[in-house]
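As C-alpha cells, the structure follows; a few thoughts come after it.
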Amino acid sequence: MTQLIFELSQQHRRAASQIPAANYDCSDIPAEFLRKTLPRLPEVSELDVVRHFTQLSQRNFSIDTHFYPLGSCTMKYNPRGVHRMAMLEGFLQHHPLSLEVHSQGFMACAYELQEMLKAVTGMRAVSLTPMAGAQGEFAGVAMIRAYHRARADHARDEILVPDAAHGTNPASAVQCGFKVREIATGSDGNMDIDALRAAVGPHTAGIMLTNPSTLGVFEQKIREMSKIIHAAGGLLYYDGANLNAILGKVRPGDMGFDVMHINLHKTFATPHGGGGPGGGPVAVGERLVPFLPVPMVQKTADGFRWLTETDCPETIGRLSTFMGNAGIILRAYFYARLLGREGLHRVAEFATLNANYLLAKLTAAGFTPAYVTRRASHEFIITLKNEAKTFHITALDVAKRLLDYGFHAPTMYFPLLIPECLLIEPTETESKQTLDAFADVLIKIMQEAKTNPALLQTAPHTLPVKRLDDVKAARELDLVYIQ
Amino acid sequence: MTQLIFELSQQHRRAASQIPAANYDCSDIPAEFLRKTLPRLPEVSELDVVRHFTQLSQRNFSIDTHFYPLGSCTMKYNPRGVHRMAMLEGFLQHHPLSLEVHSQGFMACAYELQEMLKAVTGMRAVSLTPMAGAQGEFAGVAMIRAYHRARADHARDEILVPDAAHGTNPASAVQCGFKVREIATGSDGNMDIDALRAAVGPHTAGIMLTNPSTLGVFEQKIREMSKIIHAAGGLLYYDGANLNAILGKVRPGDMGFDVMHINLHKTFATPHGGGGPGGGPVAVGERLVPFLPVPMVQKTADGFRWLTETDCPETIGRLSTFMGNAGIILRAYFYARLLGREGLHRVAEFATLNANYLLAKLTAAGFTPAYVTRRASHEFIITLKNEAKTFHITALDVAKRLLDYGFHAPTMYFPLLIPECLLIEPTETESKQTLDAFADVLIKIMQEAKTNPALLQTAPHTLPVKRLDDVKAARELDLVYIQ
Amino acid sequence: MPFIPHTSEDIKQMLATINVVNIQQLFDEIPKDLLTADLSSLPLGVTEMELMREMRECANQDAGLQCFIGAGAYEHHIPAAVWDIVGRGEFMTAYTPYQAEASQGTLQLLYEYQTMMARLMDLNVSNASLYDGASALAEAILMAVRIQRKHQSHRVLIPRTLHPYYRQVIHAIVSQQNIELIEIAFNEKTGRTDQKALAAFDKQEITALVIPQPNFFGVIEEVDLLTDWAKTQNAIAVAVVNPLAMALLKPPGQWGKTGVDIACGEGQPLGVPLSSGGPYYGFLTCKKEHVRQLPGRIIGRTVDAEGKQGFVLTLQAREQHIRRAKATSNICTNQGLLVTASTIYMSLLGPEGLRQVALASHHQLRLLKEKVAQLADVKILFSSPCFHECVLQFKTPVKKILQALATYRIQGGFNLQPVYPELGECLLVCVTETKTSEDLEQFVRRLREAVSAVREVCV
Amino acid sequence: MPFIPHTSEDIKQMLATINVVNIQQLFDEIPKDLLTADLSSLPLGVTEMELMREMRECANQDAGLQCFIGAGAYEHHIPAAVWDIVGRGEFMTAYTPYQAEASQGTLQLLYEYQTMMARLMDLNVSNASLYDGASALAEAILMAVRIQRKHQSHRVLIPRTLHPYYRQVIHAIVSQQNIELIEIAFNEKTGRTDQKALAAFDKQEITALVIPQPNFFGVIEEVDLLTDWAKTQNAIAVAVVNPLAMALLKPPGQWGKTGVDIACGEGQPLGVPLSSGGPYYGFLTCKKEHVRQLPGRIIGRTVDAEGKQGFVLTLQAREQHIRRAKATSNICTNQGLLVTASTIYMSLLGPEGLRQVALASHHQLRLLKEKVAQLADVKILFSSPCFHECVLQFKTPVKKILQALATYRIQGGFNLQPVYPELGECLLVCVTETKTSEDLEQFVRRLREAVSAVREVCV
Ligand SMILES: Cc1ncc(COP(=O)(O)O)c(C=O)c1O
Ligand SMILES: Cc1ncc(COP(=O)(O)O)c(C=O)c1O
C-alpha cells in the first residue's frame with residue numbers, strides 16, 4: 001500500500017484518454033535543442049493514478065477528518081461553499097493578463113477584500129499580492145526600508161524582534177538586508193520594556209511584533225512600546241498570524257502599528273493544502289501607502305482598474321509574476337462575505353472562549369500553563385517540564401500519543417523560550433464536545449505517562465507508520481527515488 | 001469514530017450558512033395541517049457534517065481504493081472525466097419538464113446513446129428509461145406479455161429461467177404476473193437442452209437468459225435454444241448484466257434474442273454509488289418495438305423531440321416519473337464516446353483476457369475451477385468445496401480474509417448450484433500486476449488455511465470491525481436509532 | 001487504449017500463461033457465425049479534453065434559465081459540501097455493501113438515513129431507497145396488496161390530484177398483477193380530493209387509499225379526513241408526500257387518529273439536483289408491523305465478534321437474491337448515492353434549516369400569488385392553501401405564453417392543459433427558496449408582457 | 001452563527017468553567033481604549049445560497065472567452081481526476097506535515113513530486129515548492145549568491161528576453177541585498193539572447209547567468225552556448241524554464257557540457273488552472289552539491305522504528321523555524337496543494353503524454369504561424385523556432401486590435417508595446433493543445449478583420 005508511484009510504473013502503460021493522439025511534427029526545431037529521451041515519469045493507468053493518490057490522501061490528518069489544534073496556525077473549518085465558488089469557470093479560467101474589461105468579476109472581489117481588510121485592520125491601504133505570511137513580512141519590512149530611504153535616513157539597519165517571535169520574522173528582516181536584534185520576554189509574557197528601551201536608537205528601523213503574542217497572551221503595554229519605537233524614529237510591523245484573536249475587536253492600526261500582513265489561510269479560513277497555498281496581504285498606515293507592492297485594484301467610475309508601477313512610482317515593486325494567490329484572495333473574500341460584519345467579530349470571541357475554556361479545563365486537571373496569571377488569547381501554552389522530569393517523557397512523546405487517539409498534536413517546542421511546551425489553538429469552529437474529548441485524552445495520556453511511559457515514548461502506535469527516524473533522514477539524504 | 005450523527009447532535013446547533021434567515025409567515029395554512037414539533041434530525045455544525053461523513057467514507061472499500069473483483073457486477077474504473085461532464089451546469093440544473101427547445105443538449109446525448117446501444121446489441125430500438133437492470137427486466141417481460149396479449153395469445157403464463165439465473169430474473173417475471181419455471185444446467189455449464197425441450201409449450205411466454213451465463217461460460221447452443229423457444233411461440237430475454245464479455249464481439253440480436261436490458265452501471269462504467277444508481281435501458285427486436293416504455297427521444301429535422309404515449313399507443317407505459325436516471329444515461333454516453341468504436345470491443349477482449357489469465361494462474365496453483373474444460377468469459381468460478389472439507393473453512397472465510405489483504409472479496413455463493421463458490425470478475429481496467437498480487441494473496445490464504453484455519457474463520461482482522469453478527473441483526477431488528 | 005492498462009509485454013506474458021496465441025483464441029468457444037458485431041457506424045474515440053469541450057457546448061444550450069417549473073422535480077439550493085462528499089470515490093465507486101466489514105461507511109450512513117427518513121415521516125421504519133417517487137408508490141401499493149392478501153380482489157383508490165405521471169407509472173407497474181386502480185375526482189373549487197367521491201366507496205372492500213400531500217396542484221389536502229376514512233374502511237393508507245414539505249406540514253405518521261401505514265415519495269427535494277429528471281430516489285417508510293412486507297434493502301445495526309457496533313444488510317430473506325420468485329420486489333441496484341446526498345443534506349440543514357427552506361418556499365409562493373393576483377387575464381385557480389406550487393388559469397393558450405416567457409430565458413411552469421384538459425388553459429408554477437423577490441417581480445412583469453403579447457396574437 | 005457551533009447551553013457551561021460572566025470579560029486584559037474595532041461599514045453576512053448566486057453572476061462576467069494569451073500563464077486541459085483528488089479534504093485541509101506520522105500521504109506525494117521534477121529537469125534534487133515562478137527565480141539567484149559567497153560583489157546577468165514581470169520581481173526581492181542585476185540585450189533578428197552582449201563580461205567575476213528556455217518571446221534560446229559560457233566564467237548557470245516544454249526540449253541538466261547548476265520556473269502549466277494568476281507554484285531543482293543552499297521545504301525518505309519506509313521534512317536546519325535569521329529563505333507556507341495537482345497531472349500524462357501535450361502545442365502554433373503569414377500587415381517578428389508562443393508585429397496599435405478581437409470574445413494575446421517599446425506594435429500570441437484547427441482559423445479570420453478595421457480607423 002505504501003508503494004511509490006514509480007514502483008507501479010510499467011513501460012508503455014498510459015492513460016490514453018488524457019493524451020492528444022495525433023502525430024505531431026517538430027521538425028522546425030533543430031535536434032540540438034530537443035530532448036533525446038523521454039523524462040522518466042511514472043507510466044501508469046488512470047485507475048492507478050486515482051487509486052494511488054486516493055489511498056495516499058487517506059494517510060493524512062486534516063481538518064475535514066480530525067481536530068487539529070495546531071497553535072499559531074488557526075486550523076479552522078474551511079467552508080466547502082467557498083471552495084466551490086472559487087472553482088466557478090469564470091474565475092478558474094480567467095487569465096491574469098486578460099484585458100481589464102474581461103477581468104471585472106475578479107477585480108470586484110479583490111477590491112472589496114482590500115476594503116474589508118482596511119476596515120478590520122484600521123489601516124489606510126491594502127495590497128493583496130504577498131503569497132503568504134512570510135512574503136507579507138518581506139513586503140512590510142521592505143516598505144519600512146523604502147520609507148527610511150525616501151527620507152534619506154540611511155543609518156537604520158536594525159530590526160527588533162521579540163525572542164518569542166516566529167522564525168519568519170527574523171528571516172524576513174534579513175532577506176530585506178537588515179540586522180536582527182532579539183528582545184527578551186518578561187516573566188508575565190509581556191515584552192521586557194526596559195530591554196526594548198535599551199535596544200532602540202538611531203539604527204532602529206522598526207520592530208516586528210504580534211499581538212496577542214506567540215505566547216498566547218495580549219501584549220498589554222503595546223501603546224507604550226509603540227511610543228518608544230516611534231520616538232526612536234522606527235516603525236512597527238504587526239505579524240498578522242494571530243489576527244484571529246482580535247478580529248473585529250482590536251485594530252492593529254489603533255495599537256500604533258504602521259504595517260502588517262494578514263494570513264488569509266489562518267484568519268480567513270482558506271484551506272492550508274498540506275503546506276500551502278496561503279495569502280499574506282499587507283496593510284499600511286498613511287506613511288507607507290506610497291510603497292505598497294503592486295498590482296492593486298482601484299475603483300473608478302468606469303469599473304475597476306489595475307494600479308501598477310506607473311501609478312505608484314515609489315512602490316517596492318512586484319512580488320509575484322501576476323497578482324499573488326488570486327484564488328486564495330477570492331476564497332478569503334467569500335469567507336468574509338459569508339460571515340459579514342456580524343460574524344467577523346464573533347470569530348475572535350469564540351476563538352478566545354474556546355481557548356480559555358480548554359485552558360481552564362486543563363489547568364483544573366493539573367496541567368501547567370506557561371502564564372498562570374494570564375488570560376488565554378485564541379491560543380495558550382502548557383509546559384510539560386514537570387511531567388517530563390517526573391515521568392521521563394517529552395512534549396514530543398505526548399504529541400505523538402495524541403495522534404493515536406485521533407487528535408492532531410498541538411504545536412510543539414514553539415516558542416522556544418518555554419521548555420517542553422505545547423501551543424494549543426482550538427479555533428472558534430470546534431465545539432465544546434470536541435474540546436472536552438481532547439481534554440479527556442490529554443488527561444488519559446498523563447495517566448499513561450505515570451503507569452506506562454513507554455506507551456508515550458514509542459508512540460504513535462495506530463498510524464500507518466511508527467515513529468520516524470528524522471536523524472537518519474537528514475544524515476543519509478534520500479530526496480528523490482533512484483530506480 | 002463510529003459515533004452516529006445523532007450522537008453528535010446538540011440541541012439548537014446549526015449550520016447557519018445553509019439556513020435561509022428571514023422570518024417567514026405561513027399563517028395562511030390552518031394549524032391542523034402544520035407540523036407541531038420539528039423533525040428530530042441531527043443538529044450539528046457544518047464542520048461536524050463534513051468530518052463525520054468524510055470519516056464514514058474512509059470506512060469503505062471502493063474501486064477508487066481497492067481491487068474489487070465482484071463477479072457479475074463488472075466493477076471497472078469509473079472515469080472521473082465522465083462524472084465531471086455530467087456535473088456541467090447545463091446538464092445538472094436542467095429540469096426534466098423543460099420545453100424541448102430548452103432540452104436539446106440532453107436529448108442529443110440520449111438520442112445518440114440510443115443509437116449506440118442499438119449498434120452494440122443488434123436490436124431495432126432502444127428505450128433508456130429503466131432505472132436499473134431489474135427494472136429493465138420488468139420492462140422486457142412486460143413487453144413480452146404485451147406482445148402475446150396483442151396477439152390475443154392469453155395462455156402464455158410461464159417464463160423459463162435457468163437455475164443459475166440471477167434472482168432478479170424470477171422476481172421480475174413474477175412482478176409481471178408470470179409463473180416461473182427453472183431449467184437445470186448441464187455438467188459442462190451449458191443449459192440442459194433436453195430439460196428445455198421438455199419445459200416449453202403453449203404456456204411458454206419466454207425465457208430469460210444471460211450469455212455468457214452467470215456461470216462464466218458461453219452458452220454454446222444458444223442458436224438451438226432460440227429455435228426451440230421461438231418454435232414454441234415464446235420470446236427470448238437477454239439479461240445484459242454480462243454484456244461486458246461480448247461487447248463489440250457478439251450481438252444479442254444475432255443470437256436470437258428479442259429483448260434485453262443493458263446495465264449501464266456495469267458495462268458502461270457508471271459508478272455504482274454504494275448500491276446505485278444504475279441504468280437499465282431496454283433494446284428490442286422488430287416484434288417488440290411498439291411496446292417500448294416511454295419517453296424516448298426522436299430525431300427530426302427541427303431537432304430532438306420526446307416520443308410519448310401519444311406517439312406510441314401500444315407502449316407498456318411509463319416506468320419512472322420522468323425519463324429514468326438521466327444523469328446515468330449521460331455518463332454511459334460519455335464513456336462510450338471516450339472509448340469509441342475502436343475501444344468498445346477491446347472491453348470484451350481485455351475483460352476476457354484478464355479472467356482467463358487469472359483462471360489459468362489459480363488453476364496452476366491448485367484451485368478448482370467450476371468448469372475445468374471451459375474458457376472463462378469475463379468472469380469465472382472457483383469452488384472451494386475440497387478446501388472447505390479438508391481445512392474446515394468456507395468460501396465466506398476466504399472472502400473475509402481477502403479483505404484483510406486489501407482486496408474486495410469476489411461474489412460468494414452465487415450461482416447457488418456451485419458449492420462454496422467464488423465468482424471472480426477482474427474487468428478489463430485492472431492490470432496484470434494487480435491480478436498477480438491478488439492470485440498471490442489467494443495462494444497465501446490457502447497456505448494459512450492449512451496452517452492456521454482460525455485466521456480465516458475469524459477474519460477480517462484489520463478492518464474497522466471484526467466479523468459482524470448477521471443473525472442478531474435479523475432477529476433483534478434495529479433499523480432506526482432510538483434515542 | 002483508454003482505461004485498459006495492458007502493455008504489449010503484459011499481453012504477451014498473459015497469453016503465454018493461458019497458453020493461447022492471441023486474444024481472439026479466447027473466444028473460440030463462441031460459434032464463429034455469432035462473432036458478427038460491427039461497430040463501424042459508431043464514432044471514433046475521443047480524448048477527455050475533446051469530449052469535455054464538446055459537452056460543455058452541448059450542455060450550454062440548455063443552461064442559464066430561470067426555472068419556475070416544479071411538478072415533481074424541485075430546484076433547491078444544495079450546499080457545496082453535499083456533493084463534494086458524495087463525489088468522494090469511496091462512496092461513489094463502491095458496490096452494494098455485500099461485504100459489510102468493508103462497507104461500514106455506506107452502511108452506517110444508510111442506517112442514519114433510515115432513521116432520518118422515519119423521523120421526518122414520523123413512522124417506524126424506512127428502507128434504503130427505491131428507484132424514484134413514482135415507482136416507490138407502485139411498490140407501496142404492491143406492499144399494501146401483500147398486507148391485504150386476504151382481500152378477494154384488489155382495488156386501490158387514486159386521487160386525480162396525484163401527479164399524472166405517477167398515475168401512469170403505477171398503472172404500468174401494478175396493472176401487470178390484476179390490481180384495479182380507481183380514480184377519485186377532485187373538487188374544482190378547492191383543488192382537493194373530493195370527500196363525496198370517496199363516499200361512494202363507503203363500506204366496500206378497498207385495499208388501499210393513496211393520499212398525496214401536497215397534491216399535484218400544490219394544494220394541501222385534508223389528510224386527516226382521508227386517513228381516517230381509509231382506516232374506517234380497513235384500507236391501507238398510503239401517503240405520498242414531498243419530504244421537504246414534511247418539515248412544515250403534519251407528517252404522515254400523525255395524520256388522522258392513527259397515522260398512515262405507509263408513506264413514500266420522491267427524495268429529490270432533499271439535496272438531489274434536477275439533472276433532467278434523474279437519478280433521484282424513492283423513499284418508503286412504514287409502521288413497524290409492516291416491515292417484513294417492505295421491499296428494497298434495509299440496514300440493521302448489530303455487533304461484531306468483539307461486541308462492537310456495526311451495520312449489515314438485513315432481512316435479506318425478503319429480497320430477490322435470496323427469495324427469488326417469492327421476493328417482495330425485484331429491485332436490486334437502488335439509488336444509494338442519492339440517499340447519501342440526502343443524508344448529508346438533512347444533516348446540514350437540520351430540523352430548523354429544513355423547516356426554513358420549506359417556509360421560505362411557501363412564503364415566496366405567497367408573494368408570487370399576491371403579485372399575480374393583480375394581473376389582468378390571469379386567475380389563481382384554487383382557493384385552498386398551497387405549499388410551494390399553484391395553478392394559474394389563462395384565457396389564451398398556455399403553450400404560447402410559455403414560449404413567450406422562454407424568450408426572456410424564463411421557464412414559466414408546467415403546462416397542465418394536456419393532462420387536465422378539464423381545467424382549460426392552466427399553468428402549474430413553482431417557487432422555492434432560490435427565488436428572490438426581484439426574481440418574482442421579474443417573472444410577473446414578463447408574465448404580464450407574455451399574456452398581452454399572446455392576447456394580441458390570438459385576438 | 002456561521003461556522004461557530006456553540007449553543008447557548010454550551011456557552012453557559014463554558015463561561016462557568018472559566019469562571020467569567022460573559023465572553024466580553026475574556027478580553028479584560030486588553031486596554032479598553034483599544035477595543036475600538038468598528039465593522040459597520042462591512043456588508044451583513046449572507047448564506048451560501050445567496051453568495052453562490054451573486055458570485056456565479058460575478059464570475060460569468062469574465063467567462064466564455066477564447067484565450068490566446070500566454071506570457072507566463074498557460075491554458076492546458078487538466079484531467080478531471082486531478083482536481084477531484086486535490087480537492088479531497090485530506091489533502092486540501094491539512095497543514096504543513098509537521099507531524100510526519102499523521103501526514104504520510106502528503107509527504108510521500110511530495111517525495112514523488114521531487115523525484116518527478118528532478119527527472120523532468122534532469123537534475124539531482126528538488127524542493128517541495130516556492131511561491132511562484134518569478135519568486136523561485138529570485139530564490140535561485142539568492143542561492144547562487146550563497147554558493148558564490150567568496151565573490152567580492154554580486155553581479156547577476158539577466159537576459160532581456162526574460163519575462164519582464166520576472167525581472168521586476170527579482171529586482172524587488174534581491175535588490176534589498178546589494179546584488180547587481182545586469183540586463184543582457186537580445187538579437188533583434190532572432191529574438192535570442194545576444195552572445196556578443198555576453199562577451200562584454202568575459203573573464204569578469206559574474207555570480208550567475210540566468211537562462212530562460214523558451215524565452216519570453218516563445219523563442220528557443222541557444223542554451224548550450226549560454227551554459228558553457230557561464231561555466232567557463234565560473235558563474236552559476238540558472239535555468240528558468242517552462243516545465244512542460246522540458247518534455248520536448250533538452251532539459252537543463254543536459255545543457256552544455258555540464259548541465260546547469262540550478263533550474264527553476266513556474267509550475268502552473270502542469271495541471272494548475274489559470275485562476276487569475278494564482279495560486280501557482282515555483283519549482284526549484286539543483287545539482288546535489290548545492291542541496292544545503294536550496295531554500296524551502298525538502299522531504300526525505302527514512303524508516304520508522306520498525307524499519308518500515310516513511311517520509312519526513314528534512315534538512316530543516318536550513319529553514320527559518322530552526323535557523324531563524326540565518327535561514328536560506330524566509331519561506332514557510334508554500335504552495336503544497338498546487339504541487340499535489342502537478343504530481344497527479346504528471347502521473348496521468350506520463351512521459352509520453354507530457355511530450356504529446358508539448359508537441360501538440362508547438363504544432364498548433366506552427367499552424368497558426370502559417371496562417372498568419374498570409375495576412376497583410378502582420379509580420380512574424382523573429383526567425384528562430386518557437387515553442388508555443390510567437391511575436392506578431394503590426395502597423396497599427398496592438399491595443400486597438402485587441403479591443404477589436406474582444407468584441408468576438410477572443411483574447412488575442414499579450415500586448416508587448418508597454419514592456420518592449422523598442423519592438424513597435426507587437427503582440428505575444430500563445431497556442432496550446434486546447435486549440436483546434438478551427439479555433440485557429442477563426443482566430444486568423446477575426447484577426448484579419450480586426451487589422452483592417454483598425455487600419456481604417458487609423459488611416
Ligand atoms: C506567528 C507567525 N508568524 C508568521 C508566520 C508565517 O506565515 P506564513 O506561513 O503564511 O508564511 C506564521 C505561520 O506559521 C506564524 O505562525
Ligand atoms: C446477472 C444479473 N442479472 C441482473 C442483475 C440486476 O441488475 P440491477 O442490479 O441493475 O437491477 C444483476 C445485478 O446484480 C446481475 O448480476
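In the C-alpha cells, each chain is lettered A, B, ... as it comes, each chain's residues begin at 1, and ligands are numbered from 1 in order of appearance.
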
Handout entry: In region 12-180 of chain D, DSSP helix (DSSP H, G or I) residues written as a PyMOL selection string
Key = chain D and resi 12-18+23-27+32-34+48-60+80-86+89-92+100-102+104-121+133-147+164-177

Practice task
Find the residues near ligand 2. Use a cut-off of 9 Å, count only C-alpha atoms and all ligand atoms, and write them as a PyMOL selection string.
Solution key: (chain B and resi 71-74+131-137+165-169+209-210+213-214+239-242+261-266+275-280) or (chain C and resi 321+330-334)

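Using only C-alpha atoms, the nearest neighbour of chain C within the list D:Gln309, D:Thr47, D:Thr314, D:Asn19 is D:Thr47.
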
Handout entry: Exercise: region 109-116 of chain A partners within 6 Å, only C-alpha atoms, chain neighbours under 6 positions left out, as an MDAnalysis selection string
Key = chainID A and resid 126 297 333

What are the nearest atom pairs, with distances in Å to one decimal, for all residues of chain A that come at most 7 Å from chain C, using only C-alpha atoms, set out by chain and rising residue number as a Markdown table?
```
| residue | atom | partner | partner_atom | distance |
| --- | --- | --- | --- | --- |
| A:His12 | CA | C:Thr7 | CA | 6.1 |
| A:Arg13 | CA | C:Thr7 | CA | 5.6 |
| A:Arg14 | CA | C:Pro5 | CA | 6.8 |
| A:Ala15 | CA | C:Pro2 | CA | 6.3 |
| A:Ala16 | CA | C:Pro2 | CA | 4.6 |
| A:Ser17 | CA | C:Thr47 | CA | 4.6 |
| A:Gln18 | CA | C:Thr47 | CA | 6.0 |
| A:Ile19 | CA | C:Thr47 | CA | 6.9 |
| A:Pro20 | CA | C:Thr47 | CA | 6.9 |
| A:Ser45 | CA | C:Pro5 | CA | 5.4 |
| A:Glu46 | CA | C:Phe3 | CA | 6.6 |
| A:Arg80 | CA | C:Ala81 | CA | 5.2 |
| A:Gly81 | CA | C:Ala80 | CA | 4.8 |
| A:Arg84 | CA | C:Ala80 | CA | 6.4 |
```

Handout entry: Spatial neighbours of region 86-97 of chain B, 10 Å, only C-alpha atoms, chain gap at least 6 places, as a ChimeraX atom specification
Key = /B:103,105-106,321-323,326-332,334 /C:52,55-65,67-75,272-278,411,413-415

Exercise for the section: With a distance threshold of 9 Å and counting only C-alpha atoms, extract the residues of chain A near chain B and express them as number ranges by chain. Expected result: A: 1, 8, 17, 45-48, 50-55, 58, 63-66, 77-80, 338-339, 406, 429-431, 433

Handout entry: Surrounding residues of Asp311 (chain A) excluding itself and chain neighbours under 5 positions, 12 Å, only C-alpha atoms, as a VMD selection string
Key = chain A and resid 290 to 298 305 to 306 317

Please, could you write that set of residues out with N, CA, C and O atoms as a PDB file, in the first residue's frame?
```
ATOM      1  N   PRO A 290       2.635  54.965  -0.129  1.00  0.00           N
ATOM      2  CA  PRO A 290       3.277  55.046  -1.450  1.00  0.00           C
ATOM      3  C   PRO A 290       4.109  53.827  -1.806  1.00  0.00           C
ATOM      4  O   PRO A 290       4.417  53.611  -2.973  1.00  0.00           O
ATOM      5  N   PHE A 291       4.465  53.046  -0.794  1.00  0.00           N
ATOM      6  CA  PHE A 291       5.448  51.973  -1.036  1.00  0.00           C
ATOM      7  C   PHE A 291       4.820  50.606  -1.259  1.00  0.00           C
ATOM      8  O   PHE A 291       5.501  49.623  -1.500  1.00  0.00           O
ATOM      9  N   LEU A 292       3.521  50.527  -1.159  1.00  0.00           N
ATOM     10  CA  LEU A 292       2.850  49.220  -1.266  1.00  0.00           C
ATOM     11  C   LEU A 292       3.246  48.472  -2.541  1.00  0.00           C
ATOM     12  O   LEU A 292       3.428  49.096  -3.591  1.00  0.00           O
ATOM     13  N   PRO A 293       3.339  47.140  -2.448  1.00  0.00           N
ATOM     14  CA  PRO A 293       3.630  46.367  -3.666  1.00  0.00           C
ATOM     15  C   PRO A 293       2.469  46.419  -4.652  1.00  0.00           C
ATOM     16  O   PRO A 293       1.306  46.547  -4.251  1.00  0.00           O
ATOM     17  N   VAL A 294       2.779  46.322  -5.919  1.00  0.00           N
ATOM     18  CA  VAL A 294       1.766  46.328  -6.981  1.00  0.00           C
ATOM     19  C   VAL A 294       1.639  44.926  -7.541  1.00  0.00           C
ATOM     20  O   VAL A 294       2.520  44.102  -7.340  1.00  0.00           O
ATOM     21  N   PRO A 295       0.548  44.637  -8.274  1.00  0.00           N
ATOM     22  CA  PRO A 295      -0.596  45.489  -8.584  1.00  0.00           C
ATOM     23  C   PRO A 295      -1.624  45.517  -7.454  1.00  0.00           C
ATOM     24  O   PRO A 295      -1.675  44.637  -6.617  1.00  0.00           O
ATOM     25  N   MET A 296      -2.405  46.585  -7.462  1.00  0.00           N
ATOM     26  CA  MET A 296      -3.578  46.696  -6.586  1.00  0.00           C
ATOM     27  C   MET A 296      -4.783  47.036  -7.476  1.00  0.00           C
ATOM     28  O   MET A 296      -4.601  47.365  -8.650  1.00  0.00           O
ATOM     29  N   VAL A 297      -5.954  46.963  -6.895  1.00  0.00           N
ATOM     30  CA  VAL A 297      -7.151  47.256  -7.687  1.00  0.00           C
ATOM     31  C   VAL A 297      -7.739  48.594  -7.253  1.00  0.00           C
ATOM     32  O   VAL A 297      -7.879  48.850  -6.055  1.00  0.00           O
ATOM     33  N   GLN A 298      -8.052  49.416  -8.234  1.00  0.00           N
ATOM     34  CA  GLN A 298      -8.656  50.716  -7.959  1.00  0.00           C
ATOM     35  C   GLN A 298     -10.065  50.736  -8.543  1.00  0.00           C
ATOM     36  O   GLN A 298     -10.312  50.156  -9.601  1.00  0.00           O
ATOM     37  N   ARG A 305      -9.799  49.102 -12.177  1.00  0.00           N
ATOM     38  CA  ARG A 305      -8.571  49.097 -12.965  1.00  0.00           C
ATOM     39  C   ARG A 305      -7.381  48.722 -12.095  1.00  0.00           C
ATOM     40  O   ARG A 305      -7.420  48.807 -10.878  1.00  0.00           O
ATOM     41  N   TRP A 306      -6.333  48.253 -12.750  1.00  0.00           N
ATOM     42  CA  TRP A 306      -5.110  47.881 -12.042  1.00  0.00           C
ATOM     43  C   TRP A 306      -4.273  49.112 -11.733  1.00  0.00           C
ATOM     44  O   TRP A 306      -4.097  49.974 -12.605  1.00  0.00           O
ATOM     45  N   GLY A 317       7.608  47.447  -5.535  1.00  0.00           N
ATOM     46  CA  GLY A 317       7.620  46.659  -6.768  1.00  0.00           C
ATOM     47  C   GLY A 317       6.653  45.512  -6.762  1.00  0.00           C
ATOM     48  O   GLY A 317       5.619  45.519  -6.086  1.00  0.00           O
TER      49      GLY A 317
END
```

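Each of C:Val86, C:Ile141, C:Leu315, C:Ile18 was compared to chain D using only C-alpha atoms, and C:Val86 turns out to be the nearest.
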
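The nearest approach to chain C among the residues D:Gln213, D:Val156, D:Glu54, D:Pro43, with only C-alpha atoms taken into account, belongs to D:Glu54.
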
Exercise for the section: Just the residues within 12 Å of Val429 (chain C), please, counting only C-alpha atoms, with nothing from its chain fewer than 2 positions along; format it as a VMD selection string. Expected result: chain C and resid 67 to 74 216 to 219 364 to 366 368 to 369 372 380 to 381 386 to 393 398 402 410 to 416 426 to 427 431 to 432 440 443 to 444 447

Could you turn the residues from that selection into a file that holds C-alpha atoms, as a compact mmCIF listing (two decimals), in the first residue's frame?
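Contents of selection-v8.txt, freshly written:
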```txt
# COMPACT_ATOMS: atom_id res chain seq x y z
CA CYS C 67 -36.79 27.91 -13.58
CA PHE C 68 -40.36 28.12 -12.26
CA ILE C 69 -41.21 24.54 -13.13
CA GLY C 70 -41.87 22.11 -10.30
CA ALA C 71 -44.34 19.30 -10.94
CA GLY C 72 -42.37 16.68 -9.10
CA ALA C 73 -38.80 17.93 -9.50
CA TYR C 74 -37.72 20.92 -7.47
CA PHE C 216 -50.06 17.83 -7.76
CA PHE C 217 -51.66 21.29 -7.79
CA GLY C 218 -49.54 22.29 -4.82
CA VAL C 219 -52.70 22.21 -2.73
CA GLN C 364 -42.18 33.18 -1.75
CA LEU C 365 -45.05 31.41 -3.47
CA ARG C 366 -47.49 33.53 -1.48
CA LEU C 368 -45.93 35.49 -6.17
CA LYS C 369 -49.63 34.84 -5.79
CA VAL C 372 -50.09 37.66 -9.91
CA ILE C 380 -55.34 31.79 -9.37
CA LEU C 381 -57.38 28.69 -9.76
CA CYS C 386 -50.73 25.69 -1.19
CA PHE C 387 -47.24 24.62 -0.31
CA HIS C 388 -44.91 26.00 -2.99
CA GLU C 389 -46.84 25.47 -6.19
CA CYS C 390 -50.07 26.88 -7.51
CA VAL C 391 -52.24 26.76 -10.61
CA LEU C 392 -52.74 29.82 -12.79
CA GLN C 393 -55.53 29.94 -15.33
CA VAL C 398 -50.52 28.31 -22.03
CA LEU C 402 -44.56 29.62 -22.13
CA ILE C 410 -37.70 32.10 -18.12
CA GLN C 411 -39.14 28.62 -17.74
CA GLY C 412 -42.61 29.63 -16.68
CA GLY C 413 -44.01 26.40 -15.31
CA PHE C 414 -45.67 23.17 -16.33
CA ASN C 415 -48.49 23.27 -18.86
CA LEU C 416 -51.48 21.45 -17.35
CA CYS C 426 -53.73 26.20 -16.84
CA LEU C 427 -50.15 26.51 -15.72
CA VAL C 431 -41.39 28.85 -6.33
CA THR C 432 -38.66 27.72 -3.98
CA LEU C 440 -40.65 37.15 -8.65
CA PHE C 443 -41.36 36.87 -13.51
CA VAL C 444 -44.61 38.72 -13.04
CA LEU C 447 -45.75 37.19 -17.49
```

May I have a table of the residues of region 291-321 of chain B lying at most 12 Å from region 150-164 of chain B, giving each one's closest pair of atoms and their distance in Å to one decimal, counting only C-alpha atoms, ordered by chain and ascending residue number, as CSV?
```
residue,atom,partner,partner_atom,distance
B:Phe291,CA,B:Ala150,CA,9.8
B:Glu314,CA,B:Ala150,CA,8.8
B:Thr315,CA,B:Ala150,CA,11.3
B:Ile316,CA,B:Ala150,CA,11.5
```

Exercise for the section: Calculate how many Å separate CA of Pro421 (chain C) from CA of Ala453 (chain C), rounding to one decimal. Expected result: 23.2 Å

Practice task
Using only C-alpha atoms, determine which residues lie at most 12 Å from Gly105 (chain C), disregarding the query and same-chain residues fewer than 2 positions distant; provide the list as a PyMOL selection string.
Solution key: (chain B and resi 1-4+52-62+274+463-465) or (chain C and resi 86+88+90-92+94+96-97+99-103+107-112+310-312+340)
